[in-house]
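Source file data14.cif; content: mmCIF, C-alpha atoms and all ligand atoms.
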data_query
#
loop_
_atom_site.label_atom_id
_atom_site.label_comp_id
_atom_site.auth_asym_id
_atom_site.auth_seq_id
_atom_site.Cartn_x
_atom_site.Cartn_y
_atom_site.Cartn_z
CA MET A 138 -70.15 -62.29 110.29
CA PRO A 139 -72.40 -62.23 107.18
CA ALA A 140 -71.23 -60.09 104.28
CA ARG A 141 -72.29 -56.48 103.76
CA LEU A 142 -74.90 -56.37 100.98
CA LEU A 143 -74.28 -54.26 97.88
CA PRO A 144 -77.75 -53.49 96.46
CA GLY A 145 -78.09 -52.01 92.98
CA HIS A 146 -81.26 -49.97 93.54
CA PRO A 147 -79.65 -46.99 95.33
CA VAL A 148 -77.02 -46.84 92.57
CA ALA A 149 -79.69 -46.93 89.85
CA ASP A 150 -81.82 -44.33 91.68
CA LYS A 151 -78.85 -41.94 91.89
CA ILE A 152 -78.03 -42.36 88.19
CA LEU A 153 -81.66 -42.01 87.08
CA THR A 154 -82.19 -38.90 89.24
CA GLN A 155 -79.22 -37.29 87.50
CA VAL A 156 -80.50 -38.43 84.08
CA ALA A 157 -83.94 -36.91 84.80
CA ALA A 158 -82.34 -33.58 85.80
CA ASP A 159 -80.18 -33.58 82.66
CA VAL A 160 -83.21 -34.40 80.50
CA THR A 161 -85.01 -31.35 81.92
CA THR A 162 -82.01 -29.18 81.05
CA LEU A 163 -81.83 -30.65 77.54
CA ARG A 164 -85.54 -30.17 76.91
CA ALA A 165 -85.19 -26.52 77.89
CA THR A 166 -82.84 -26.15 74.91
CA GLY A 167 -85.49 -27.60 72.58
CA VAL A 168 -84.17 -31.18 72.39
CA THR A 169 -86.45 -33.95 73.67
CA PRO A 170 -84.38 -37.11 74.09
CA SER A 171 -85.83 -40.16 72.46
CA LEU A 172 -85.18 -43.86 73.04
CA ALA A 173 -86.83 -46.08 70.41
CA THR A 174 -87.54 -49.74 71.12
CA ILE A 175 -87.95 -52.69 68.76
CA LEU A 176 -89.60 -55.94 69.81
CA VAL A 177 -89.91 -58.94 67.50
CA GLY A 178 -92.36 -61.72 68.32
CA ASP A 179 -94.53 -62.45 71.34
CA ASP A 180 -92.14 -63.55 74.07
CA ASP A 181 -93.85 -62.51 77.33
CA ALA A 182 -90.62 -61.79 79.21
CA SER A 183 -89.27 -59.57 76.40
CA ALA A 184 -92.58 -57.70 76.16
CA GLY A 185 -92.40 -57.18 79.95
CA TYR A 186 -88.84 -55.78 79.74
CA ILE A 187 -89.93 -53.38 76.99
CA ARG A 188 -92.87 -52.17 79.11
CA ILE A 189 -90.53 -51.50 82.07
CA LYS A 190 -88.12 -49.54 79.86
CA GLN A 191 -90.95 -47.53 78.30
CA ARG A 192 -92.32 -46.70 81.75
CA HIS A 193 -88.87 -45.48 82.82
CA ALA A 194 -88.56 -43.52 79.56
CA THR A 195 -91.83 -41.68 80.18
CA GLU A 196 -90.96 -40.97 83.84
CA LEU A 197 -87.56 -39.57 82.83
CA GLY A 198 -88.96 -37.32 80.09
CA PHE A 199 -87.85 -39.33 77.04
CA THR A 200 -90.13 -40.02 74.12
CA SER A 201 -90.09 -43.70 73.25
CA PRO A 202 -91.38 -44.67 69.81
CA HIS A 203 -91.94 -48.40 69.63
CA VAL A 204 -92.18 -50.91 66.77
CA HIS A 205 -93.50 -54.40 67.43
CA LEU A 206 -92.81 -56.78 64.54
CA PRO A 207 -94.57 -60.16 64.31
CA ALA A 208 -92.62 -63.36 65.04
CA THR A 209 -92.74 -64.07 61.28
CA ALA A 210 -90.77 -60.88 60.43
CA THR A 211 -87.80 -61.39 58.13
CA GLN A 212 -84.26 -60.09 58.62
CA ALA A 213 -85.06 -57.54 55.87
CA ASP A 214 -88.16 -56.35 57.78
CA LEU A 215 -86.04 -55.86 60.87
CA HIS A 216 -83.31 -53.99 59.00
CA HIS A 217 -85.98 -51.76 57.44
CA VAL A 218 -87.20 -50.67 60.89
CA ILE A 219 -83.61 -50.13 62.06
CA ASP A 220 -82.93 -48.02 58.92
CA GLN A 221 -85.93 -45.84 59.73
CA PHE A 222 -84.70 -45.21 63.29
CA ASN A 223 -81.10 -44.73 62.06
CA THR A 224 -82.18 -41.88 59.80
CA ALA A 225 -84.81 -40.29 62.09
CA HIS A 226 -83.23 -37.10 63.46
CA ASP A 227 -85.57 -37.06 66.45
CA VAL A 228 -84.54 -40.60 67.55
CA HIS A 229 -81.31 -40.59 69.57
CA GLY A 230 -81.09 -44.14 70.89
CA VAL A 231 -82.41 -47.49 69.67
CA LEU A 232 -82.92 -50.58 71.77
CA LEU A 233 -83.32 -53.91 69.99
CA GLN A 234 -84.83 -56.27 72.55
CA HIS A 235 -83.26 -59.70 72.60
CA PRO A 236 -83.57 -62.62 72.26
CA LEU A 237 -84.90 -62.44 68.72
CA PRO A 238 -86.86 -65.36 67.19
CA THR A 239 -84.36 -68.03 66.21
CA HIS A 240 -84.60 -67.46 62.43
CA LEU A 241 -83.26 -63.90 62.89
CA ASP A 242 -79.58 -63.02 63.30
CA HIS A 243 -79.12 -60.64 66.24
CA GLU A 244 -75.51 -59.89 65.38
CA ARG A 245 -76.35 -58.84 61.81
CA ALA A 246 -79.17 -56.63 63.07
CA LEU A 247 -76.87 -55.07 65.67
CA HIS A 248 -74.24 -54.36 63.01
CA HIS A 249 -76.95 -52.62 60.97
CA LEU A 250 -77.62 -50.12 63.76
CA ASP A 251 -76.00 -46.67 63.77
CA PRO A 252 -73.26 -47.13 66.45
CA ASP A 253 -74.02 -43.70 67.89
CA LYS A 254 -77.62 -44.81 68.57
CA ASP A 255 -76.56 -48.16 70.08
CA VAL A 256 -77.64 -47.61 73.70
CA ASP A 257 -76.59 -51.17 74.64
CA GLY A 258 -73.01 -50.30 73.67
CA MET A 259 -72.60 -53.68 71.95
CA HIS A 260 -71.95 -52.59 68.34
CA PRO A 261 -68.41 -53.55 67.18
CA THR A 262 -67.59 -49.84 66.78
CA ASN A 263 -68.48 -49.26 70.42
CA MET A 264 -66.53 -52.32 71.57
CA GLY A 265 -63.58 -50.87 69.62
CA ARG A 266 -64.05 -47.48 71.27
CA LEU A 267 -64.10 -49.22 74.65
CA ALA A 268 -60.89 -51.12 73.87
CA LEU A 269 -59.18 -47.89 72.81
CA GLY A 270 -60.59 -45.80 75.67
CA LEU A 271 -62.48 -43.52 73.25
CA PRO A 272 -65.81 -41.91 74.21
CA GLY A 273 -68.97 -43.77 73.16
CA PRO A 274 -71.84 -45.80 74.60
CA THR A 275 -70.41 -48.25 77.16
CA PRO A 276 -71.99 -51.73 77.53
CA CYS A 277 -74.62 -51.30 80.22
CA THR A 278 -73.98 -54.19 82.62
CA PRO A 279 -70.19 -53.63 82.87
CA ALA A 280 -70.76 -49.89 83.33
CA GLY A 281 -73.36 -50.68 85.98
CA ILE A 282 -70.89 -52.89 87.88
CA GLU A 283 -68.24 -50.15 87.89
CA ALA A 284 -70.86 -47.68 89.20
CA LEU A 285 -72.04 -50.18 91.83
CA LEU A 286 -68.51 -50.69 93.20
CA ASP A 287 -67.93 -46.93 93.24
CA HIS A 288 -71.25 -46.18 94.96
CA HIS A 289 -70.53 -48.69 97.74
CA HIS A 290 -66.99 -47.34 98.23
CA ILE A 291 -65.31 -50.58 97.18
CA PRO A 292 -61.82 -49.57 96.01
CA VAL A 293 -60.94 -51.07 92.64
CA ALA A 294 -57.78 -49.22 91.60
CA GLY A 295 -54.68 -51.37 92.02
CA ARG A 296 -56.65 -54.34 93.30
CA HIS A 297 -56.90 -57.83 91.84
CA VAL A 298 -60.24 -58.30 90.08
CA VAL A 299 -61.01 -61.80 88.79
CA ILE A 300 -63.82 -62.12 86.22
CA LEU A 301 -65.29 -65.58 85.58
CA GLY A 302 -66.44 -65.42 81.94
CA ARG A 303 -65.21 -63.79 78.74
CA GLY A 304 -68.60 -63.34 77.03
CA ALA A 305 -69.25 -60.36 74.76
CA THR A 306 -72.07 -59.01 76.97
CA LEU A 307 -70.32 -59.01 80.28
CA GLY A 308 -66.90 -60.53 81.01
CA ARG A 309 -64.92 -59.21 78.05
CA PRO A 310 -66.18 -55.59 78.07
CA LEU A 311 -65.95 -55.51 81.87
CA ALA A 312 -62.27 -56.45 81.69
CA LEU A 313 -61.71 -53.64 79.16
CA LEU A 314 -63.57 -51.18 81.37
CA LEU A 315 -61.91 -52.01 84.69
CA THR A 316 -58.41 -51.81 83.20
CA GLN A 317 -58.97 -48.25 81.97
CA LYS A 318 -56.88 -45.51 83.58
CA ARG A 319 -59.45 -43.93 85.89
CA PRO A 320 -59.86 -43.74 89.67
CA THR A 321 -62.94 -46.03 89.63
CA ALA A 322 -61.14 -48.62 87.46
CA ASP A 323 -57.34 -49.04 87.19
CA ALA A 324 -57.54 -52.67 88.37
CA ALA A 325 -55.28 -55.67 87.79
CA VAL A 326 -57.77 -57.90 85.98
CA THR A 327 -57.63 -61.66 85.42
CA VAL A 328 -60.25 -63.20 83.11
CA ILE A 329 -60.95 -66.92 83.53
CA HIS A 330 -63.08 -69.27 81.42
CA THR A 331 -63.37 -72.91 80.37
CA GLY A 332 -59.88 -72.76 78.89
CA VAL A 333 -58.44 -72.35 82.41
CA PRO A 334 -58.92 -75.78 84.04
CA ASP A 335 -57.77 -74.71 87.50
CA TRP A 336 -59.71 -71.43 87.55
CA THR A 337 -60.51 -71.71 91.25
CA ALA A 338 -56.82 -71.08 92.00
CA HIS A 339 -57.43 -67.60 90.54
CA THR A 340 -60.78 -66.93 92.23
CA ARG A 341 -59.22 -67.75 95.62
CA ARG A 342 -56.67 -64.97 95.12
CA ALA A 343 -59.22 -62.31 94.04
CA ASP A 344 -59.79 -59.12 96.00
CA ILE A 345 -62.95 -58.69 93.93
CA LEU A 346 -64.56 -61.68 92.21
CA ILE A 347 -67.12 -61.01 89.48
CA ALA A 348 -69.21 -63.94 88.24
CA ALA A 349 -70.18 -63.56 84.58
CA ALA A 350 -70.69 -67.16 83.47
CA GLY A 351 -74.44 -67.79 83.46
CA VAL A 352 -73.93 -71.14 85.24
CA PRO A 353 -76.14 -71.38 88.36
CA GLY A 354 -74.18 -71.92 91.57
CA ILE A 355 -70.79 -72.08 89.84
CA ILE A 356 -69.23 -69.91 92.55
CA GLN A 357 -69.16 -71.77 95.87
CA PRO A 358 -67.87 -70.59 99.27
CA HIS A 359 -64.59 -72.52 98.95
CA HIS A 360 -63.80 -70.60 95.72
CA ILE A 361 -63.58 -67.30 97.62
CA ARG A 362 -60.84 -65.75 99.69
CA PRO A 363 -62.27 -64.80 103.13
CA GLY A 364 -62.92 -61.05 103.09
CA ALA A 365 -63.21 -60.77 99.30
CA VAL A 366 -65.89 -58.76 97.52
CA VAL A 367 -68.21 -60.86 95.34
CA ILE A 368 -70.35 -59.48 92.51
CA GLY A 369 -72.94 -61.74 90.89
CA GLY A 370 -73.44 -60.70 87.27
CA GLY A 371 -74.24 -64.03 85.62
CA VAL A 372 -77.77 -65.38 85.90
CA ARG A 373 -79.93 -67.94 84.20
CA TYR A 374 -83.73 -68.19 84.26
CA ALA A 375 -85.76 -71.36 84.82
CA GLY A 376 -89.14 -70.01 83.76
CA ARG A 377 -89.48 -66.86 85.90
CA ARG A 378 -87.08 -68.16 88.57
CA LEU A 379 -83.71 -66.45 88.62
CA LEU A 380 -80.73 -68.76 89.18
CA PRO A 381 -77.58 -66.78 90.03
CA ASP A 382 -73.97 -67.84 89.43
CA VAL A 383 -73.08 -67.14 93.06
CA ASP A 384 -74.25 -69.63 95.69
CA GLU A 385 -75.92 -67.71 98.53
CA ARG A 386 -73.64 -69.39 101.14
CA CYS A 387 -70.80 -67.24 99.74
CA ALA A 388 -72.25 -64.46 101.93
CA ASP A 389 -70.75 -66.31 104.94
CA ILE A 390 -67.22 -65.92 103.55
CA ALA A 391 -67.22 -62.64 101.61
CA ALA A 392 -66.82 -59.20 103.17
CA ALA A 393 -69.35 -57.72 100.75
CA ILE A 394 -71.65 -59.31 98.16
CA THR A 395 -74.46 -58.36 95.80
CA PRO A 396 -77.90 -59.59 96.93
CA ARG A 397 -79.52 -62.50 95.09
CA LEU A 398 -82.13 -60.08 93.67
CA GLY A 399 -81.65 -56.37 93.00
CA GLY A 400 -77.86 -56.41 92.62
CA VAL A 401 -76.39 -55.78 89.17
CA GLY A 402 -79.75 -55.81 87.28
CA PRO A 403 -81.09 -52.34 88.27
CA THR A 404 -77.78 -50.67 87.42
CA THR A 405 -77.94 -52.14 83.88
CA VAL A 406 -81.27 -50.40 83.21
CA ALA A 407 -79.98 -47.10 84.62
CA MET A 408 -76.94 -47.24 82.31
CA LEU A 409 -79.20 -47.77 79.31
CA PHE A 410 -80.84 -44.40 79.98
CA ARG A 411 -77.52 -42.73 80.68
CA ASN A 412 -76.30 -43.93 77.27
CA ALA A 413 -79.54 -42.67 75.65
CA LEU A 414 -79.10 -39.26 77.30
CA HIS A 415 -75.51 -38.99 76.10
CA ALA A 416 -76.67 -39.93 72.57
CA ALA A 417 -79.26 -37.14 72.66
CA ARG A 418 -76.63 -34.65 73.85
CA ARG A 419 -74.37 -35.59 70.94
N1 LIG B 501 -77.54 -58.93 85.56
C1 LIG B 501 -77.71 -58.35 84.37
O1 LIG B 501 -78.31 -57.29 84.21
C2 LIG B 501 -77.11 -59.03 83.18
C3 LIG B 501 -77.02 -58.37 81.97
C4 LIG B 501 -76.40 -59.02 80.90
C5 LIG B 501 -75.93 -60.31 81.05
N2 LIG B 501 -76.11 -60.95 82.24
C6 LIG B 501 -75.64 -62.32 82.44
O2 LIG B 501 -74.24 -62.37 82.36
C7 LIG B 501 -73.85 -63.69 82.01
C8 LIG B 501 -72.77 -63.61 80.97
O3 LIG B 501 -73.30 -63.11 79.76
P1 LIG B 501 -72.45 -63.23 78.42
O4 LIG B 501 -73.39 -62.99 77.28
O5 LIG B 501 -71.23 -62.41 78.56
O6 LIG B 501 -72.13 -64.80 78.53
P2 LIG B 501 -71.57 -65.88 77.54
O7 LIG B 501 -71.22 -65.29 76.23
O8 LIG B 501 -72.51 -67.02 77.61
O9 LIG B 501 -70.20 -66.27 78.27
C9 LIG B 501 -70.16 -67.05 79.42
C10 LIG B 501 -68.72 -67.17 79.83
O10 LIG B 501 -68.66 -67.98 81.00
C11 LIG B 501 -67.64 -68.98 80.82
N3 LIG B 501 -68.04 -70.22 81.46
C12 LIG B 501 -69.20 -70.89 81.33
N4 LIG B 501 -69.18 -72.03 82.06
C13 LIG B 501 -67.97 -72.10 82.63
C14 LIG B 501 -67.32 -73.04 83.45
N5 LIG B 501 -67.95 -74.15 83.86
N6 LIG B 501 -66.05 -72.80 83.85
C15 LIG B 501 -65.41 -71.69 83.47
N7 LIG B 501 -65.97 -70.74 82.67
C16 LIG B 501 -67.22 -70.95 82.25
C17 LIG B 501 -67.58 -69.21 79.32
O11 LIG B 501 -66.29 -69.71 79.00
P3 LIG B 501 -65.86 -70.04 77.46
O12 LIG B 501 -65.67 -68.67 76.81
O13 LIG B 501 -64.60 -70.75 77.60
O14 LIG B 501 -66.98 -70.78 76.86
C18 LIG B 501 -67.83 -67.80 78.79
O15 LIG B 501 -66.64 -67.08 78.68
C19 LIG B 501 -75.14 -64.40 81.58
O16 LIG B 501 -75.56 -65.20 82.63
C20 LIG B 501 -76.13 -63.28 81.40
O17 LIG B 501 -77.45 -63.68 81.66
C21 LIG B 501 -76.65 -60.33 83.31
#
structure tokens encoding of this file:
Amino acid sequence: MPARLLPGHPVADKILTQVAADVTTLRATGVTPSLATILVGDDDASAGYIRIKQRHATELGFTSPHVHLPATATQADLHHVIDQFNTAHDVHGVLLQHPLPTHLDHERALHHLDPDKDVDGMHPTNMGRLALGLPGPTPCTPAGIEALLDHHHIPVAGRHVVILGRGATLGRPLALLLTQKRPTADAAVTVIHTGVPDWTAHTRRADILIAAAGVPGIIQPHHIRPGAVVIGGGVRYAGRRLLPDVDERCADIAAAITPRLGGVGPTTVAMLFRNALHAARR
């Protein structure tokens, strides 16, 4: 029997509906939440992502000031814009669209951002808060995966979650999140990577397998325990074509699986706005 699909859109819709309601309440108190965006250069895909986020911002009742720097901008130019948003009292969240042109250092720019305005949740201060279980913006894709599992009534607490990948965007923060003491987390988490030669021995024991490698087709049907839940987080793009980590034939083995398109992605965007709302409330 083919696996039950776990789409991300209903999860995102539920989160964004709640965000919109909370924005209305906040605006009634005189605070208009604001999510600023910074784009450097002329990458079409990045410009497209910014347009989508600005459209969502407008629909949800956020203001969204935007700065577009030329591809020739220096690190100092970028830090100057970040400084302006850091000190603007009417800007609550700042999104620095990546990738940046190769001569710019994304990590340095991220470290320059006020951690309380870091809606991506990737600033070292926010990673530290996550590790310690302190409140703060949570990295969007891991938070989206926790929400997706909860929405689809996939129990996580006490179960064996295996994450393929220890990257800073996805695998590592996800492991920190799913081991927190909370009914929607509380998992026994194993993180595997290139330093674990026989990693398939771990994936075959997983109750929930989460692919976070960015290697197309790395998860094959024989890597999965029959009846496991499979979440595809890692993707790579060949032009506009999305190449997921999880081979689609895994749907014949898994009990539940995210669809090739519209799985984790929509929940990431929803979490961005939830982080921006929380920043405005603070
Ligand atoms: N769907 C979404 O909305 C969304 C959002 C954000 C990110 N992503 C995707 O999530 C993925 C992970 O992002 P990231 O920035 O965390 O990645 P990253 O820093 O590139 O890390 C990739 C991880 O995968 C491991 N890996 C790669 N090839 C492997 C192999 N052959 N065997 C075992 N392990 C292997 C690497 O191991 P080593 O550490 O040993 O090198 C590394 O830990 C990317 O594909 C990204 O596009 C998706």
### Message
ligand LIG 501 (chain B): which residues are within 6 Å, counting all atoms listed in the file? Reply as number ranges by chain.
### Response
A: 278, 301-308, 330-332, 349-352, 370-373, 401-402, 405
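Reported to one decimal place, the separation of atom CA of A:Leu172 from atom CA of A:Ala413 is 6.3 Å.
Minimum atom-to-atom distances from A:Val228, A:Ile356, A:Ala210, A:Ala407 to A:Pro170 were compared using all atoms listed in the file, and the lowest value belongs to A:Val228.
You can rank A:Ala312, A:Arg377, A:Ile189, A:Ile300 by their closest distance to A:His339 using all atoms listed in the file, and at the top of that list sits A:Ile300.
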### Query
Skipping near chain neighbours, those fewer than 2 positions away, what residues fall within 10 Å of A:Thr275 using all atoms listed in the file, listed as a VMD selection string?
chain A and resid 255 to 260 263 to 264 266 to 267 272 to 273 277 to 281 310 to 311 314 408 to 409 411 to 412
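Between atom CA of A:His205 and atom CA of A:Leu163 lies a distance of 28.3 Å.
Of the residues listed (A:Leu285, A:Ala194, A:Ala417, A:Val160), A:Leu285 shows the shortest atom-to-atom separation from A:Gly399; distances use all atoms listed in the file.
Ranking A:Arg342, A:Arg309, A:His216, A:His240 by their shortest atom-to-atom distance to A:Arg296, with all atoms listed in the file included, puts A:Arg342 first.
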### Neighbour list for stretch 244-254 of chain A as a ChimeraX atom specification, cut-off 12 Å, all atoms listed in the file, skip fewer than 5 positions in-chain
/A:170-175,177,211-237,259-266,272-275,305,409-410,412-419
### Message
At a cut-off of 8 Å, using all atoms listed in the file, what residues contact A:His146? Leave out same-chain residues fewer than 4 positions from it and give the result as a VMD selection string.
### Response
chain A and resid 150 399 to 400 403 to 404
### Task
Show which residues sit within 12 Å of A:Lys318, as a PyMOL selection string. Count only C-alpha atoms, and ignore same-chain residues fewer than 2 positions away.
chain A and resi 268-271+293-295+313-316+320-325
### Query
So which one's closest to A:Thr169, A:Leu197, A:Ala208, A:Val148, A:Ala343? Using all atoms listed in the file, please.
A:Leu197
Could you rebuild stretch 166-197 of chain A with N, CA and C atoms and give me the result as a short mmCIF file (atom, residue, chain, number, x, y, z; two decimals), in the coordinates of the input?
data_model
loop_
_atom_site.label_atom_id
_atom_site.label_comp_id
_atom_site.auth_asym_id
_atom_site.auth_seq_id
_atom_site.Cartn_x
_atom_site.Cartn_y
_atom_site.Cartn_z
N THR A 166 -83.54 -26.66 76.09
CA THR A 166 -82.84 -26.15 74.91
C THR A 166 -83.55 -26.56 73.61
N GLY A 167 -84.70 -27.23 73.76
CA GLY A 167 -85.49 -27.60 72.58
C GLY A 167 -85.24 -29.02 72.09
N VAL A 168 -84.42 -29.79 72.80
CA VAL A 168 -84.17 -31.18 72.39
C VAL A 168 -84.88 -32.13 73.36
N THR A 169 -85.81 -32.93 72.84
CA THR A 169 -86.45 -33.95 73.67
C THR A 169 -85.78 -35.29 73.38
N PRO A 170 -85.06 -35.85 74.36
CA PRO A 170 -84.38 -37.11 74.09
C PRO A 170 -85.37 -38.23 73.79
N SER A 171 -84.93 -39.12 72.92
CA SER A 171 -85.83 -40.16 72.46
C SER A 171 -85.11 -41.50 72.42
N LEU A 172 -85.72 -42.49 73.06
CA LEU A 172 -85.18 -43.86 73.04
C LEU A 172 -86.21 -44.77 72.37
N ALA A 173 -85.90 -45.21 71.15
CA ALA A 173 -86.83 -46.08 70.41
C ALA A 173 -86.60 -47.53 70.81
N THR A 174 -87.66 -48.32 70.78
CA THR A 174 -87.54 -49.74 71.12
C THR A 174 -88.11 -50.59 69.99
N ILE A 175 -87.47 -51.74 69.78
CA ILE A 175 -87.95 -52.69 68.76
C ILE A 175 -88.12 -54.05 69.43
N LEU A 176 -89.31 -54.60 69.28
CA LEU A 176 -89.60 -55.94 69.81
C LEU A 176 -90.04 -56.81 68.63
N VAL A 177 -89.48 -58.01 68.55
CA VAL A 177 -89.91 -58.94 67.50
C VAL A 177 -90.50 -60.18 68.17
N GLY A 178 -91.74 -60.50 67.80
CA GLY A 178 -92.36 -61.72 68.32
C GLY A 178 -93.15 -61.47 69.59
N ASP A 179 -93.56 -62.56 70.24
CA ASP A 179 -94.53 -62.45 71.34
C ASP A 179 -94.02 -63.04 72.64
N ASP A 180 -92.69 -63.03 72.82
CA ASP A 180 -92.14 -63.55 74.07
C ASP A 180 -92.59 -62.66 75.24
N ASP A 181 -93.26 -63.27 76.22
CA ASP A 181 -93.85 -62.51 77.33
C ASP A 181 -92.79 -61.75 78.12
N ALA A 182 -91.66 -62.43 78.41
CA ALA A 182 -90.62 -61.79 79.21
C ALA A 182 -90.07 -60.56 78.49
N SER A 183 -89.81 -60.70 77.18
CA SER A 183 -89.27 -59.57 76.40
C SER A 183 -90.27 -58.42 76.38
N ALA A 184 -91.55 -58.75 76.18
CA ALA A 184 -92.58 -57.70 76.16
C ALA A 184 -92.61 -56.99 77.52
N GLY A 185 -92.43 -57.77 78.60
CA GLY A 185 -92.40 -57.18 79.95
C GLY A 185 -91.23 -56.23 80.12
N TYR A 186 -90.04 -56.65 79.63
CA TYR A 186 -88.84 -55.78 79.74
C TYR A 186 -89.06 -54.48 78.98
N ILE A 187 -89.68 -54.58 77.79
CA ILE A 187 -89.93 -53.38 76.99
C ILE A 187 -90.88 -52.44 77.74
N ARG A 188 -91.92 -53.02 78.37
CA ARG A 188 -92.87 -52.17 79.11
C ARG A 188 -92.16 -51.44 80.25
N ILE A 189 -91.26 -52.14 80.96
CA ILE A 189 -90.53 -51.50 82.07
C ILE A 189 -89.69 -50.35 81.52
N LYS A 190 -88.99 -50.58 80.41
CA LYS A 190 -88.12 -49.54 79.86
C LYS A 190 -88.94 -48.36 79.35
N GLN A 191 -90.11 -48.64 78.77
CA GLN A 191 -90.95 -47.53 78.30
C GLN A 191 -91.51 -46.73 79.47
N ARG A 192 -91.82 -47.42 80.56
CA ARG A 192 -92.32 -46.70 81.75
C ARG A 192 -91.24 -45.77 82.28
N HIS A 193 -90.00 -46.30 82.37
CA HIS A 193 -88.87 -45.48 82.82
C HIS A 193 -88.68 -44.29 81.87
N ALA A 194 -88.78 -44.57 80.56
CA ALA A 194 -88.56 -43.52 79.56
C ALA A 194 -89.54 -42.36 79.80
N THR A 195 -90.80 -42.70 79.98
CA THR A 195 -91.83 -41.68 80.18
C THR A 195 -91.54 -40.90 81.47
N GLU A 196 -91.22 -41.63 82.55
CA GLU A 196 -90.96 -40.97 83.84
C GLU A 196 -89.77 -40.01 83.74
N LEU A 197 -88.78 -40.38 82.90
CA LEU A 197 -87.56 -39.57 82.83
C LEU A 197 -87.67 -38.43 81.83
#
